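Chemist: Quick one: the structure is below, and I'll ask about it shortly.
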Amino acid sequence: MQRNFRQKKILEIIKEKEIETQQELCEELSGVGLEVTQATVSRDIRELHLYKVKAQNKHYHYAASEWEESQIPDKMLSLFRTCLVKICTVGNTVVLKTLNGNGGNAGAVMDMLNYPEIVGTIAGDDTVFSLCENSEKAKTVLNRLNEIIRK
């Protein structure tokens, strides 16, 4: 759970401040009580798919990819709707059953949606598990996905 907490903090920090280096990020994390190495921050940056953007001062700082539902290509959303067989919650997990071979595509859409309620997603051949912080948040995700399917 430490990794998920740390990565959420990283996302919060880069939204609030223009962080230019991994060392700066280490220092910011230290300021909130998380002592980490540069190697750990480097791995987190890779896992979070952070990238650098040019600021007004012409320096580069870290940013996160944030997809809005409307930015996801229509083809992907159409495939997502078509391949779903069943969506349900089991405790704090949202389970998506898909047609054979479509779990990876559905998992990619789940990652693109970047719902804050989801801690992580695992996709197999025909099943996707999205772990949420609690059962209420899982139900929120389920409701949002049902809205996408109805469109």
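Ordered as shown in the structure tokens, chains take letters A, B, and onward, while each chain numbers its residues from 1 and ligands are numbered from 1 in the order shown.
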Please report as a Markdown table every residue of segment 16-111 of chain A lying within 7 Å of segment 124-142 of chain A, along with the nearest atom pair and their distance in Å (one decimal), using only C-alpha atoms.
Modeler:
```
| residue | atom | partner | partner_atom | distance |
| --- | --- | --- | --- | --- |
| A:Cys88 | CA | A:Leu142 | CA | 6.9 |
| A:Thr89 | CA | A:Ala138 | CA | 6.4 |
| A:Gly91 | CA | A:Ser135 | CA | 5.1 |
| A:Asn92 | CA | A:Ser135 | CA | 4.0 |
| A:Thr93 | CA | A:Leu131 | CA | 4.5 |
| A:Val94 | CA | A:Ser130 | CA | 5.1 |
| A:Val95 | CA | A:Phe129 | CA | 4.9 |
| A:Leu96 | CA | A:Val128 | CA | 5.0 |
| A:Lys97 | CA | A:Thr127 | CA | 4.7 |
| A:Thr98 | CA | A:Asp126 | CA | 4.8 |
| A:Leu99 | CA | A:Asp126 | CA | 5.8 |
| A:Asn100 | CA | A:Asp126 | CA | 4.9 |
| A:Gly101 | CA | A:Asp125 | CA | 4.8 |
| A:Asn102 | CA | A:Asp126 | CA | 5.7 |
| A:Gly103 | CA | A:Asp126 | CA | 4.4 |
| A:Gly104 | CA | A:Gly124 | CA | 6.2 |
| A:Gly107 | CA | A:Val128 | CA | 6.0 |
```
Chemist: Which residues of segment 28-139 of chain A come within 10 Å of segment 1-7 of chain A, and for each one, what is the closest pair of atoms and their distance in Å to one decimal, counting only C-alpha atoms, sorted by chain and residue number, as a tab-separated table?
Modeler:
```
residue	atom	partner	partner_atom	distance
A:Leu29	CA	A:Arg6	CA	7.9
A:Val32	CA	A:Arg6	CA	9.9
A:Leu34	CA	A:Arg6	CA	7.4
A:Glu35	CA	A:Arg6	CA	9.9
A:Val36	CA	A:Arg6	CA	9.2
A:Thr40	CA	A:Arg3	CA	9.4
A:Val41	CA	A:Gln7	CA	8.9
A:Asp44	CA	A:Gln7	CA	6.5
A:Ile45	CA	A:Gln7	CA	8.5
A:Glu47	CA	A:Gln7	CA	8.9
A:Leu48	CA	A:Gln7	CA	7.5
A:Val119	CA	A:Asn4	CA	6.9
A:Gly120	CA	A:Asn4	CA	8.5
```
Chemist: Once you have the residues from the selection above, write them out as a compact mmCIF listing (two decimals), in the first residue's frame, restricted to all heavy atoms.
Modeler:
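After the write, part-v2.txt holds the following:
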```
# COMPACT_ATOMS: atom_id res chain seq x y z
N LEU A 29 8.49 14.78 -1.44
CA LEU A 29 7.97 13.59 -0.75
C LEU A 29 8.49 13.52 0.67
O LEU A 29 7.76 13.16 1.59
CB LEU A 29 8.33 12.32 -1.54
CG LEU A 29 7.58 12.14 -2.85
CD1 LEU A 29 8.21 11.03 -3.67
CD2 LEU A 29 6.11 11.85 -2.60
N VAL A 32 6.50 15.49 3.11
CA VAL A 32 5.24 14.93 3.58
C VAL A 32 5.46 13.60 4.31
O VAL A 32 4.55 12.80 4.47
CB VAL A 32 4.21 14.74 2.43
CG1 VAL A 32 3.79 16.10 1.89
CG2 VAL A 32 4.72 13.84 1.34
N LEU A 34 7.62 11.03 3.47
CA LEU A 34 7.95 9.84 2.68
C LEU A 34 9.42 9.93 2.25
O LEU A 34 9.76 10.70 1.35
CB LEU A 34 7.05 9.74 1.45
CG LEU A 34 5.57 9.51 1.71
CD1 LEU A 34 4.77 9.68 0.43
CD2 LEU A 34 5.35 8.13 2.28
N GLU A 35 10.27 9.17 2.89
CA GLU A 35 11.68 9.14 2.53
C GLU A 35 11.87 8.11 1.42
O GLU A 35 11.60 6.93 1.60
CB GLU A 35 12.54 8.76 3.75
CG GLU A 35 12.44 9.75 4.89
CD GLU A 35 12.91 11.16 4.52
OE1 GLU A 35 13.84 11.30 3.70
OE2 GLU A 35 12.32 12.12 5.04
N VAL A 36 12.29 8.58 0.25
CA VAL A 36 12.46 7.70 -0.91
C VAL A 36 13.79 7.98 -1.59
O VAL A 36 14.35 9.06 -1.46
CB VAL A 36 11.31 7.88 -1.93
CG1 VAL A 36 9.98 7.46 -1.36
CG2 VAL A 36 11.24 9.30 -2.43
N THR A 40 13.65 4.94 -6.62
CA THR A 40 12.23 4.68 -6.39
C THR A 40 11.38 5.70 -7.14
O THR A 40 10.39 5.35 -7.78
CB THR A 40 11.92 4.72 -4.88
OG1 THR A 40 12.67 3.71 -4.23
CG2 THR A 40 10.44 4.53 -4.60
N VAL A 41 11.78 6.97 -7.06
CA VAL A 41 11.04 8.02 -7.76
C VAL A 41 11.10 7.79 -9.27
O VAL A 41 10.10 7.95 -9.97
CB VAL A 41 11.58 9.42 -7.38
CG1 VAL A 41 11.06 10.49 -8.32
CG2 VAL A 41 11.20 9.76 -5.95
N ASP A 44 8.64 5.15 -10.06
CA ASP A 44 7.27 5.69 -9.96
C ASP A 44 6.93 6.55 -11.18
O ASP A 44 5.82 6.46 -11.71
CB ASP A 44 7.12 6.52 -8.68
CG ASP A 44 7.07 5.68 -7.43
OD1 ASP A 44 6.74 4.48 -7.52
OD2 ASP A 44 7.36 6.22 -6.34
N ILE A 45 7.86 7.35 -11.62
CA ILE A 45 7.64 8.20 -12.80
C ILE A 45 7.33 7.34 -14.01
O ILE A 45 6.41 7.63 -14.78
CB ILE A 45 8.87 9.11 -13.06
CG1 ILE A 45 8.92 10.20 -11.98
CG2 ILE A 45 8.84 9.71 -14.46
CD1 ILE A 45 10.21 11.00 -11.98
N GLU A 47 6.14 4.18 -13.97
CA GLU A 47 4.86 3.48 -13.78
C GLU A 47 3.67 4.41 -13.95
O GLU A 47 2.61 3.99 -14.41
CB GLU A 47 4.82 2.82 -12.40
CG GLU A 47 5.73 1.63 -12.28
CD GLU A 47 5.75 1.03 -10.87
OE1 GLU A 47 4.98 1.49 -9.99
OE2 GLU A 47 6.54 0.10 -10.65
N LEU A 48 3.83 5.67 -13.56
CA LEU A 48 2.74 6.64 -13.68
C LEU A 48 2.67 7.28 -15.07
O LEU A 48 1.79 8.09 -15.34
CB LEU A 48 2.91 7.75 -12.63
CG LEU A 48 2.71 7.32 -11.18
CD1 LEU A 48 3.19 8.42 -10.22
CD2 LEU A 48 1.25 6.97 -10.92
N VAL A 119 -7.40 2.07 -7.57
CA VAL A 119 -6.02 1.98 -7.10
C VAL A 119 -5.14 1.33 -8.16
O VAL A 119 -4.00 1.72 -8.38
CB VAL A 119 -5.95 1.19 -5.77
CG1 VAL A 119 -4.52 1.01 -5.32
CG2 VAL A 119 -6.77 1.88 -4.70
N GLY A 120 -5.67 0.32 -8.85
CA GLY A 120 -4.92 -0.37 -9.88
C GLY A 120 -5.81 -1.31 -10.67
O GLY A 120 -6.88 -1.70 -10.21
```
Chemist: Enumerate as JSON, numbers by chain all residues of segment 21-130 of chain A assigned to alpha helix (DSSP H) by DSSP on the backbone, naming them with the chain letters and numbers the document uses.
Modeler: {"A": [22, 23, 24, 25, 26, 27, 28, 29, 30, 31, 38, 39, 40, 41, 42, 43, 44, 45, 46, 47, 74, 75, 76, 77, 78, 79, 80, 81, 82, 83, 103, 104, 105, 106, 107, 108, 109, 110, 111, 112, 113]}
Chemist: For the atom pair atom CA of Ala39 of chain A and atom CA of Cys26 of chain A, what is the interatomic distance in Å to one decimal place?
Modeler: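 Separating atom CA of Ala39 of chain A from atom CA of Cys26 of chain A is a distance of 9.9 Å.
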Chemist: Which of segment 72-102 of chain A counts as strand (DSSP E or B) under DSSP, as a PyMOL selection string please?
Modeler: chain A and resi 84-90+93-98
